[in-house]
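File shown: structure_5.cif. Contents: mmCIF, C-alpha atoms.
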data_final
loop_
_atom_site.label_atom_id
_atom_site.label_comp_id
_atom_site.auth_asym_id
_atom_site.auth_seq_id
_atom_site.Cartn_x
_atom_site.Cartn_y
_atom_site.Cartn_z
CA MET A 1 224.58 -55.12 -3.54
CA SER A 2 226.67 -58.19 -2.66
CA SER A 3 227.14 -58.67 1.06
CA SER A 4 230.65 -57.89 2.23
CA PRO A 5 232.51 -60.40 4.40
CA PRO A 6 232.23 -59.67 8.14
CA VAL A 7 234.51 -57.06 9.67
CA LYS A 8 236.14 -57.53 13.07
CA LEU A 9 238.41 -55.16 14.93
CA ILE A 10 240.78 -56.58 17.51
CA GLY A 11 241.66 -53.81 19.90
CA HIS A 12 241.68 -52.27 23.33
CA PHE A 13 239.24 -49.61 24.52
CA ALA A 14 241.99 -47.37 25.92
CA SER A 15 244.14 -47.21 22.80
CA PRO A 16 243.97 -44.14 20.57
CA PHE A 17 245.51 -46.27 17.78
CA VAL A 18 242.61 -48.71 18.01
CA HIS A 19 240.21 -45.76 18.09
CA ARG A 20 241.58 -44.60 14.72
CA ALA A 21 240.53 -47.88 13.14
CA ALA A 22 237.11 -47.82 14.84
CA ALA A 23 236.55 -44.18 13.87
CA ALA A 24 237.35 -44.95 10.23
CA LEU A 25 234.81 -47.80 10.21
CA ARG A 26 232.15 -45.60 11.86
CA LEU A 27 232.67 -42.70 9.48
CA LYS A 28 232.39 -45.03 6.48
CA GLY A 29 229.28 -46.63 7.96
CA VAL A 30 230.82 -50.12 8.13
CA PRO A 31 229.36 -52.43 10.79
CA TYR A 32 231.95 -54.36 12.73
CA GLU A 33 232.47 -56.57 15.75
CA PHE A 34 234.87 -55.25 18.37
CA ILE A 35 237.05 -57.83 20.07
CA GLN A 36 238.67 -56.54 23.26
CA GLU A 37 242.21 -57.85 23.60
CA ASP A 38 243.89 -58.55 26.94
CA LEU A 39 247.26 -56.94 26.34
CA GLU A 40 248.80 -58.78 29.29
CA ASN A 41 247.71 -62.09 27.82
CA LYS A 42 247.69 -61.79 24.03
CA SER A 43 245.24 -63.95 22.15
CA GLU A 44 246.01 -66.55 19.50
CA LEU A 45 243.73 -64.66 17.14
CA MET A 46 245.72 -61.44 17.45
CA LEU A 47 249.14 -63.09 17.36
CA ALA A 48 248.21 -65.18 14.32
CA ASN A 49 247.00 -62.09 12.46
CA ASN A 50 249.76 -59.72 13.52
CA PRO A 51 252.81 -61.95 13.93
CA ILE A 52 255.18 -59.12 12.96
CA HIS A 53 254.31 -56.47 15.54
CA LYS A 54 252.01 -58.44 17.90
CA LYS A 55 249.98 -55.29 18.57
CA VAL A 56 246.48 -53.87 18.31
CA PRO A 57 244.63 -52.72 16.29
CA VAL A 58 244.19 -55.58 13.84
CA LEU A 59 241.41 -55.35 11.27
CA LEU A 60 239.94 -58.60 10.01
CA HIS A 61 237.91 -58.30 6.83
CA GLY A 62 236.83 -61.78 5.85
CA ASP A 63 240.10 -63.66 5.57
CA ARG A 64 242.20 -60.51 5.24
CA ALA A 65 244.19 -59.07 8.12
CA VAL A 66 245.34 -55.44 8.08
CA CYS A 67 247.72 -54.08 10.72
CA GLU A 68 249.08 -50.65 11.72
CA SER A 69 246.40 -48.05 12.50
CA LEU A 70 247.05 -45.61 9.66
CA VAL A 71 247.34 -48.47 7.13
CA ILE A 72 243.97 -49.70 8.42
CA VAL A 73 242.41 -46.23 8.03
CA GLU A 74 243.54 -45.97 4.40
CA TYR A 75 242.38 -49.54 3.72
CA VAL A 76 238.93 -48.77 5.14
CA ASP A 77 238.80 -45.61 3.04
CA GLU A 78 239.59 -47.55 -0.14
CA ALA A 79 237.81 -50.87 0.46
CA PHE A 80 234.41 -49.53 1.46
CA ASP A 81 231.93 -47.09 -0.02
CA GLY A 82 230.99 -44.07 2.04
CA PRO A 83 232.27 -40.52 2.49
CA PRO A 84 235.98 -40.28 1.70
CA LEU A 85 238.28 -39.95 4.70
CA LEU A 86 241.23 -38.50 2.78
CA PRO A 87 240.80 -35.32 0.72
CA ALA A 88 240.55 -35.64 -3.06
CA ASP A 89 243.45 -33.40 -4.06
CA PRO A 90 246.86 -35.18 -4.16
CA TYR A 91 248.66 -32.32 -2.41
CA ASP A 92 246.04 -32.15 0.36
CA ARG A 93 246.36 -35.92 0.74
CA ALA A 94 250.13 -35.59 1.09
CA MET A 95 249.67 -32.91 3.75
CA ALA A 96 247.18 -35.04 5.70
CA ARG A 97 249.59 -38.00 5.58
CA PHE A 98 252.48 -35.75 6.62
CA TRP A 99 250.71 -34.51 9.74
CA ALA A 100 249.46 -37.99 10.66
CA HIS A 101 253.06 -39.21 10.37
CA PHE A 102 254.09 -36.26 12.53
CA MET A 103 251.66 -37.41 15.23
CA ASP A 104 253.34 -40.82 15.30
CA THR A 105 256.93 -39.67 15.10
CA LYS A 106 257.97 -36.22 16.35
CA PHE A 107 254.84 -35.58 18.43
CA SER A 108 254.22 -38.88 20.16
CA GLN A 109 257.11 -39.51 22.55
CA PRO A 110 257.49 -36.02 24.10
CA PHE A 111 253.68 -35.88 24.45
CA TRP A 112 253.48 -39.03 26.56
CA LEU A 113 256.61 -38.14 28.50
CA ALA A 114 255.19 -34.71 29.32
CA TYR A 115 252.40 -36.35 31.32
CA TRP A 116 254.35 -39.12 33.02
CA SER A 117 257.76 -37.57 33.75
CA GLU A 118 258.90 -35.22 36.50
CA GLY A 119 261.34 -32.44 37.31
CA GLU A 120 263.76 -30.90 34.83
CA ALA A 121 263.24 -33.63 32.24
CA GLN A 122 259.52 -32.95 32.28
CA LYS A 123 260.10 -29.23 31.67
CA ALA A 124 262.01 -30.04 28.48
CA VAL A 125 259.37 -32.40 27.06
CA VAL A 126 256.57 -30.00 28.00
CA LYS A 127 258.32 -27.25 26.05
CA GLU A 128 258.82 -29.56 23.05
CA THR A 129 255.19 -30.73 23.19
CA LYS A 130 253.88 -27.18 23.26
CA GLU A 131 255.97 -26.35 20.19
CA ASN A 132 254.45 -29.39 18.46
CA LEU A 133 250.95 -28.44 19.61
CA ALA A 134 251.46 -24.97 18.14
CA LEU A 135 252.19 -26.56 14.75
CA LEU A 136 248.95 -28.55 14.95
CA GLU A 137 247.02 -25.48 16.13
CA ALA A 138 248.24 -23.66 13.01
CA GLN A 139 247.06 -26.53 10.80
CA LEU A 140 243.47 -26.05 11.98
CA ASN A 141 243.60 -22.54 10.57
CA GLY A 142 240.00 -21.54 11.35
CA LYS A 143 238.54 -24.89 10.28
CA ARG A 144 236.16 -26.90 12.43
CA PHE A 145 238.08 -30.11 11.76
CA PHE A 146 241.49 -30.79 10.16
CA GLY A 147 239.49 -32.33 7.32
CA GLY A 148 237.23 -29.28 6.93
CA ASP A 149 233.56 -29.32 7.95
CA THR A 150 233.53 -32.99 8.88
CA PRO A 151 236.15 -35.19 10.57
CA GLY A 152 238.52 -37.00 8.24
CA TYR A 153 241.83 -38.84 8.10
CA LEU A 154 243.90 -36.32 10.05
CA ASP A 155 241.23 -35.80 12.71
CA ILE A 156 241.22 -39.55 13.27
CA ALA A 157 245.03 -39.61 13.34
CA ALA A 158 245.05 -36.79 15.93
CA CYS A 159 242.33 -38.40 18.06
CA VAL A 160 244.53 -38.60 21.15
CA LEU A 161 244.04 -34.83 21.42
CA GLY A 162 240.31 -35.42 21.80
CA PRO A 163 238.88 -37.84 24.36
CA TRP A 164 242.25 -38.63 25.94
CA ILE A 165 243.40 -35.12 26.88
CA GLY A 166 240.87 -34.51 29.65
CA VAL A 167 241.54 -37.94 31.08
CA LEU A 168 245.33 -37.51 31.08
CA GLU A 169 244.95 -34.11 32.74
CA GLU A 170 242.75 -35.54 35.46
CA VAL A 171 244.99 -38.53 36.20
CA THR A 172 248.33 -36.71 36.10
CA GLY A 173 247.45 -33.15 37.05
CA VAL A 174 249.40 -31.91 34.02
CA THR A 175 247.66 -29.45 31.70
CA LEU A 176 249.13 -29.04 28.24
CA VAL A 177 246.33 -28.17 25.85
CA ASN A 178 245.03 -25.03 27.55
CA GLY A 179 242.52 -22.62 26.05
CA ASN A 180 244.86 -19.63 26.17
CA GLU A 181 247.69 -21.07 24.11
CA PHE A 182 245.66 -23.48 21.97
CA PRO A 183 242.10 -22.17 21.50
CA ALA A 184 241.62 -23.89 18.13
CA LEU A 185 242.78 -27.28 19.45
CA CYS A 186 240.52 -26.94 22.50
CA GLN A 187 237.56 -26.16 20.26
CA TRP A 188 238.52 -29.06 17.96
CA ALA A 189 238.68 -31.41 20.97
CA LYS A 190 235.11 -30.39 21.92
CA GLU A 191 233.90 -30.89 18.33
CA TYR A 192 235.66 -34.23 17.97
CA SER A 193 234.56 -35.57 21.33
CA SER A 194 230.93 -34.57 20.78
CA SER A 195 230.70 -35.74 17.17
CA GLU A 196 227.52 -37.80 16.78
CA ALA A 197 229.06 -40.01 14.11
CA LEU A 198 231.97 -40.93 16.35
CA GLU A 199 230.12 -41.13 19.65
CA PRO A 200 229.75 -44.95 19.62
CA CYS A 201 233.49 -45.49 19.40
CA HIS A 202 234.59 -42.86 21.91
CA PRO A 203 236.04 -44.49 25.02
CA ASP A 204 233.99 -44.30 28.20
CA ARG A 205 235.59 -41.48 30.19
CA ASP A 206 235.29 -43.07 33.65
CA ARG A 207 236.63 -46.35 32.35
CA LEU A 208 239.56 -44.54 30.76
CA VAL A 209 240.30 -42.60 33.98
CA ALA A 210 240.25 -45.86 35.93
CA TYR A 211 242.55 -47.53 33.38
CA PHE A 212 245.15 -44.75 33.41
CA THR A 213 244.99 -44.42 37.19
CA GLU A 214 245.56 -48.17 37.53
CA ASN A 215 248.60 -47.96 35.23
CA LYS A 216 249.95 -44.64 36.53
CA GLU A 217 252.99 -46.05 38.33
CA LYS A 218 253.84 -48.29 35.40
CA TYR A 219 253.77 -45.34 32.96
CA LYS A 220 255.86 -43.20 35.30
CA MET A 221 258.44 -45.97 35.49
CA MET A 222 258.47 -46.32 31.68
CA ALA A 223 258.92 -42.57 31.31
CA LYS A 224 261.90 -42.64 33.67
CA THR A 225 263.51 -45.47 31.67
CA MET A 226 262.91 -43.74 28.34
CA LEU A 227 264.44 -40.51 29.56
CA GLN A 228 267.53 -42.28 30.81
CA GLN A 229 268.31 -43.70 27.37
CA MET B 230 265.50 -28.16 -19.40
CA ALA B 231 261.98 -27.32 -20.57
CA GLY B 232 260.55 -30.56 -19.13
CA GLU B 233 261.59 -29.76 -15.57
CA LYS B 234 260.19 -26.23 -15.62
CA LYS B 235 256.87 -27.45 -17.07
CA GLN B 236 256.32 -30.08 -14.40
CA GLY B 237 258.20 -27.93 -11.86
CA LEU B 238 259.72 -30.83 -9.94
CA GLN B 239 262.72 -30.32 -7.71
CA LEU B 240 264.23 -32.73 -5.21
CA LEU B 241 266.18 -31.52 -2.19
CA ASP B 242 268.36 -34.47 -1.31
CA PHE B 243 271.67 -35.83 -0.02
CA TRP B 244 273.66 -38.16 -2.26
CA VAL B 245 273.92 -41.23 -0.02
CA SER B 246 270.47 -41.01 1.59
CA PRO B 247 268.44 -44.17 0.95
CA PHE B 248 265.30 -42.13 1.64
CA GLY B 249 266.24 -39.64 -1.07
CA GLN B 250 267.07 -42.50 -3.42
CA ARG B 251 263.53 -43.83 -3.04
CA CYS B 252 262.29 -40.57 -4.54
CA ARG B 253 264.90 -40.54 -7.34
CA ILE B 254 264.01 -44.11 -8.28
CA ALA B 255 260.27 -43.36 -8.20
CA LEU B 256 260.71 -40.28 -10.40
CA ASP B 257 262.76 -42.27 -12.93
CA GLU B 258 260.34 -45.23 -12.90
CA LYS B 259 257.61 -42.72 -13.76
CA GLY B 260 259.68 -40.99 -16.44
CA LEU B 261 259.37 -37.66 -14.63
CA SER B 262 262.17 -35.16 -15.12
CA TYR B 263 263.24 -33.11 -12.14
CA GLU B 264 265.95 -30.82 -10.88
CA TYR B 265 268.22 -32.50 -8.31
CA LEU B 266 269.46 -30.12 -5.63
CA GLU B 267 272.19 -31.60 -3.40
CA GLN B 268 271.96 -30.28 0.15
CA ASP B 269 274.74 -29.58 2.66
CA LEU B 270 273.32 -31.16 5.79
CA ALA B 271 276.02 -29.66 8.00
CA ASN B 272 274.99 -26.20 6.84
CA LYS B 273 271.30 -26.35 5.91
CA SER B 274 270.10 -23.97 3.22
CA GLU B 275 267.31 -21.43 3.58
CA LEU B 276 265.47 -23.34 0.87
CA LEU B 277 265.55 -26.60 2.86
CA LEU B 278 264.59 -24.93 6.15
CA ARG B 279 261.68 -23.15 4.49
CA ALA B 280 260.56 -26.29 2.66
CA ASN B 281 260.72 -28.58 5.70
CA PRO B 282 260.54 -26.39 8.81
CA VAL B 283 259.11 -29.22 10.94
CA HIS B 284 261.82 -31.87 10.45
CA LYS B 285 264.55 -29.90 8.59
CA LYS B 286 265.39 -33.10 6.72
CA ILE B 287 265.79 -34.38 3.21
CA PRO B 288 264.29 -35.58 0.95
CA VAL B 289 261.86 -32.80 0.08
CA LEU B 290 260.01 -32.76 -3.23
CA LEU B 291 259.03 -29.34 -4.52
CA HIS B 292 256.22 -29.42 -7.08
CA ALA B 293 255.64 -25.98 -8.58
CA GLY B 294 257.27 -24.68 -5.40
CA ARG B 295 255.02 -26.58 -2.97
CA PRO B 296 256.92 -28.92 -0.62
CA VAL B 297 256.11 -32.57 0.05
CA CYS B 298 258.16 -34.17 2.84
CA GLU B 299 258.82 -37.75 3.99
CA SER B 300 260.05 -40.18 1.31
CA LEU B 301 257.10 -42.61 1.30
CA ILE B 302 254.63 -39.72 1.30
CA ILE B 303 256.53 -38.26 -1.66
CA VAL B 304 256.33 -41.58 -3.55
CA GLN B 305 252.57 -41.85 -2.91
CA TYR B 306 252.16 -38.23 -3.95
CA LEU B 307 253.91 -38.94 -7.26
CA ASP B 308 251.51 -41.85 -7.87
CA GLU B 309 248.51 -39.63 -7.19
CA ALA B 310 249.65 -36.39 -8.82
CA PHE B 311 250.82 -38.15 -12.00
CA PRO B 312 248.19 -40.84 -12.59
CA ALA B 313 249.19 -41.28 -16.23
CA THR B 314 252.61 -42.62 -15.16
CA PRO B 315 253.27 -46.26 -14.15
CA ALA B 316 251.71 -46.82 -10.71
CA LEU B 317 253.97 -47.91 -7.85
CA LEU B 318 251.15 -48.77 -5.46
CA PRO B 319 248.97 -51.50 -7.03
CA ALA B 320 246.00 -49.76 -8.60
CA GLY B 321 242.45 -50.77 -7.71
CA ASP B 322 243.30 -53.37 -5.06
CA PRO B 323 242.84 -51.96 -1.54
CA TYR B 324 244.19 -55.07 0.18
CA ALA B 325 247.33 -55.24 -1.97
CA ARG B 326 247.81 -51.52 -1.31
CA ALA B 327 247.43 -52.09 2.44
CA GLN B 328 250.02 -54.88 2.28
CA ALA B 329 252.39 -52.59 0.38
CA ARG B 330 251.94 -49.77 2.88
CA PHE B 331 252.45 -52.18 5.78
CA TRP B 332 255.74 -53.53 4.44
CA ALA B 333 257.08 -50.12 3.42
CA ASP B 334 256.26 -48.95 6.95
CA TYR B 335 258.07 -52.03 8.32
CA VAL B 336 261.21 -51.07 6.40
CA ASP B 337 260.91 -47.53 7.79
CA LYS B 338 260.38 -48.64 11.38
CA LYS B 339 263.06 -51.31 11.52
CA LEU B 340 265.87 -51.32 8.99
CA TYR B 341 267.64 -47.96 9.12
CA ASP B 342 267.62 -47.73 12.92
CA CYS B 343 268.91 -51.28 13.35
CA GLY B 344 271.60 -50.67 10.74
CA THR B 345 272.71 -47.54 12.55
CA ARG B 346 273.00 -49.42 15.85
CA LEU B 347 274.98 -52.11 14.06
CA TRP B 348 277.75 -49.71 13.04
CA LYS B 349 277.57 -47.42 16.09
CA LEU B 350 277.40 -49.78 19.05
CA LYS B 351 279.73 -52.27 20.69
CA GLY B 352 279.26 -55.17 23.10
CA ASP B 353 275.70 -56.16 24.01
CA GLY B 354 274.14 -53.37 21.96
CA HIS B 355 275.99 -54.56 18.87
CA ALA B 356 275.10 -58.21 19.47
CA GLN B 357 271.45 -57.26 19.89
CA ALA B 358 271.54 -55.22 16.67
CA ARG B 359 273.10 -58.12 14.76
CA THR B 360 270.39 -60.54 15.93
CA GLU B 361 267.70 -58.01 15.02
CA MET B 362 269.22 -57.33 11.59
CA VAL B 363 269.13 -61.02 10.67
CA GLU B 364 265.52 -61.23 11.85
CA ILE B 365 264.52 -58.14 9.87
CA LEU B 366 266.14 -59.45 6.69
CA ARG B 367 264.56 -62.88 7.12
CA THR B 368 261.16 -61.27 7.74
CA LEU B 369 261.51 -59.22 4.57
CA GLU B 370 262.50 -62.35 2.65
CA GLY B 371 259.33 -63.98 4.01
CA ALA B 372 257.27 -61.07 2.72
CA LEU B 373 258.92 -61.38 -0.69
CA GLY B 374 257.82 -65.00 -0.89
CA GLU B 375 258.14 -66.55 -4.34
CA GLY B 376 257.51 -63.30 -6.25
CA ARG B 377 260.01 -61.59 -8.50
CA PHE B 378 259.29 -58.40 -6.60
CA PHE B 379 257.47 -57.57 -3.37
CA GLY B 380 254.32 -56.66 -5.28
CA GLY B 381 254.48 -59.83 -7.37
CA GLU B 382 255.42 -59.49 -11.02
CA ALA B 383 255.72 -55.71 -11.04
CA PHE B 384 258.38 -53.55 -9.39
CA GLY B 385 256.44 -51.41 -6.93
CA PHE B 386 256.10 -49.46 -3.72
CA VAL B 387 257.82 -51.87 -1.33
CA ASP B 388 260.64 -52.52 -3.80
CA VAL B 389 261.20 -48.75 -4.05
CA ALA B 390 261.11 -48.46 -0.24
CA LEU B 391 263.68 -51.20 0.30
CA VAL B 392 266.02 -51.24 -2.71
CA PRO B 393 268.19 -48.25 -1.66
CA PHE B 394 269.16 -50.24 1.43
CA THR B 395 270.70 -52.94 -0.77
CA SER B 396 273.70 -50.62 -1.16
CA TRP B 397 273.97 -50.82 2.62
CA PHE B 398 274.00 -54.63 2.77
CA LEU B 399 277.79 -54.71 2.45
CA THR B 400 278.08 -52.26 5.37
CA TYR B 401 275.69 -54.36 7.48
CA GLU B 402 277.63 -57.49 6.52
CA ARG B 403 281.00 -56.05 7.50
CA PHE B 404 279.84 -54.48 10.77
CA GLY B 405 277.55 -57.37 11.60
CA ASP B 406 279.80 -60.17 10.45
CA LEU B 407 276.94 -61.67 8.50
CA SER B 408 276.17 -62.63 4.92
CA VAL B 409 272.90 -61.56 3.29
CA GLU B 410 273.48 -64.17 0.57
CA LYS B 411 273.74 -66.93 3.20
CA GLU B 412 270.96 -65.73 5.52
CA CYS B 413 268.51 -64.63 2.81
CA PRO B 414 269.38 -65.97 -0.65
CA LYS B 415 266.00 -64.96 -2.12
CA LEU B 416 266.42 -61.39 -0.86
CA ALA B 417 269.95 -61.30 -2.30
CA ALA B 418 268.56 -62.51 -5.65
CA TRP B 419 265.83 -59.84 -5.50
CA ALA B 420 268.51 -57.19 -4.93
CA LYS B 421 270.39 -58.35 -8.05
CA ARG B 422 267.16 -58.34 -10.06
CA CYS B 423 266.40 -54.77 -8.98
CA ALA B 424 269.93 -53.65 -9.83
CA GLU B 425 269.19 -54.51 -13.48
CA ARG B 426 266.54 -51.80 -13.66
CA PRO B 427 267.86 -48.53 -15.10
CA SER B 428 266.21 -46.45 -12.35
CA VAL B 429 268.02 -48.46 -9.67
CA ALA B 430 271.36 -48.78 -11.47
CA LYS B 431 271.41 -45.03 -12.08
CA ASN B 432 270.52 -43.92 -8.57
CA LEU B 433 272.30 -46.25 -6.17
CA TYR B 434 275.93 -45.81 -5.19
CA PRO B 435 278.33 -48.77 -5.11
CA PRO B 436 278.22 -50.56 -1.75
CA GLU B 437 281.94 -49.84 -1.16
CA LYS B 438 281.19 -46.12 -1.41
CA VAL B 439 278.44 -46.41 1.24
CA TYR B 440 280.81 -48.37 3.48
CA GLU B 441 283.47 -45.70 2.99
CA PHE B 442 280.91 -43.04 3.94
CA ILE B 443 279.96 -44.86 7.15
CA CYS B 444 283.60 -45.36 8.10
CA GLY B 445 284.05 -41.62 7.62
CA LEU B 446 281.09 -40.94 9.93
CA LYS B 447 282.48 -43.26 12.57
CA LYS B 448 285.78 -41.37 12.52
CA ARG B 449 284.00 -38.04 12.70
CA PHE B 450 281.90 -39.12 15.69
CA GLY B 451 284.94 -40.65 17.34
CA ILE B 452 283.50 -44.15 17.36
CA GLU B 453 286.23 -46.72 17.06
#
Please express what this file holds, its structure, as structure tokens.
Amino acid sequence: MSSSPPVKLIGHFASPFVHRAAAALRLKGVPYEFIQEDLENKSELMLANNPIHKKVPVLLHGDRAVCESLVIVEYVDEAFDGPPLLPADPYDRAMARFWAHFMDTKFSQPFWLAYWSEGEAQKAVVKETKENLALLEAQLNGKRFFGGDTPGYLDIAACVLGPWIGVLEEVTGVTLVNGNEFPALCQWAKEYSSSEALEPCHPDRDRLVAYFTENKEKYKMMAKTMLQQ
Amino acid sequence: MAGEKKQGLQLLDFWVSPFGQRCRIALDEKGLSYEYLEQDLANKSELLLRANPVHKKIPVLLHAGRPVCESLIIVQYLDEAFPATPALLPAGDPYARAQARFWADYVDKKLYDCGTRLWKLKGDGHAQARTEMVEILRTLEGALGEGRFFGGEAFGFVDVALVPFTSWFLTYERFGDLSVEKECPKLAAWAKRCAERPSVAKNLYPPEKVYEFICGLKKRFGIE
């Protein structure tokens, strides 16, 4: 087999978007070098390879640069051999893409605001988030993972509901994904977080707690600003 | 018609929606017949609410009764469910496909929202939107490069994602006091090239009609 050009992932350990890219590489069995980016002081390498959005993750595969986490996941699925991340059936693929898109659009903002906001505004986003969580709970529908028996595209897309939930709960004191209302999601979080295949790219819990604690006031300020708009 | 029933394709849509037009253009490019079902967005039908309970939006493709939502997901679905039809995403080239997905996503993230702010806002908000719109159009022109289409020689995924917005250029120009021809001549030329395709000519509304629609919205929302 011809040797593939080296793979590098520019990212940040705390980002669930970066994790998606790392998880895809792990599940496909692709070795890669992780380059931690200082988001306060963006590198030439990152800016040169993602001039449009100037964000992580950025996948470098030889002289190719791929940006946007879900675009990276599909690229990894298609460019490398290994177990498929997306299901085979076109309709199932469309459903997986739909729910991943849901994570990034309808789900995302209220979810973050629910942890970092306060008072009446927080009540509203908590309610909205729980409605969104119920939709995701229903999608699991008795399965171990969204992808079936093993984690796939949608599990990776929903990764924030795995290793990040416990950390966010600890740092903010807000509990959203409780076992009473969302038993399937809680079980999924356990399965996802303890997956042997994904273990190497799960963020270190203590490091994540420290990171979010350090940035707590900043996130609370951002939440306030977002809610005022 | 027998063709529609056999393939069982229906499109829940709204006439002026550029997102819906992506689907119409993709279906025509692939030679797929379908039943077009115009939706009343002020009074959403049971069919629409059942087909897209999460977002309650158009477009929705129904294939043998099963709903697919989100315009770019619909277009990819058509590529994958009908592999014998002309492919819109470049076949067999993961990097080209990644580029196409990236740029279609860019159009989704940037263009419609900026355009909306351009006709809705005044003062600083409007000035900001105008600056952003020029940047977005220039960026897209950069992505087009020297190719006839975004994918190169063949009309493809990014072209489908962007071309419905060419009917909105006039609206952006009038509200933004800008000229697409002046700012981005290559993009303007690409728009003309696309307009020659039957799928595009058939499915886009004249720019004046889009402008008229937006002016109507402004009146309705009391934005002067």
Exercise for the section: Determine the residue membership of the PyMOL selection byres ((chain B) within 10 of (chain A)) for the file above and supply it as number ranges by chain. Expected result: B: 283-284, 292, 295-299, 301-311, 321-331, 334-335, 365, 368
Exercise for the section: Spell out the residues picked by the PyMOL selection byres ((chain A and resi 174-185) around 12) here, as a ChimeraX atom specification. Expected result: /A:110-118,122-123,125-146,155,158-162,164-173,186-193
Exercise for the section: Could you tell me which residues the PyMOL selection byres ((chain B and resi 380) around 10) grabs in this file, written as a list of chain:residue names? Expected result: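 The output of the PyMOL selection byres ((chain B and resi 380) around 10) on this file is B:Leu317, B:Leu318, B:Pro319, B:Ala325, B:Arg326, B:Gln328, B:Ala329, B:Ala372, B:Leu373, B:Gly376, B:Arg377, B:Phe378, B:Phe379, B:Gly381, B:Glu382, B:Ala383, B:Phe384, B:Gly385, B:Phe386, B:Val387, B:Asp388.
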Practice task
Have a look at CA of Trp348 in chain B and CA of Phe404 in chain B and let me know their distance in Å, one decimal.
Solution key: 5.7 Å
Exercise for the section: Compare B:Gln357, B:Thr345, B:Ser300, B:Thr314 by their minimum atom-to-atom distance to Pro247 in chain B, counting only C-alpha atoms, and give me the closest one. Expected result: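 For Pro247 in chain B, the nearest of the candidates is B:Ser300.
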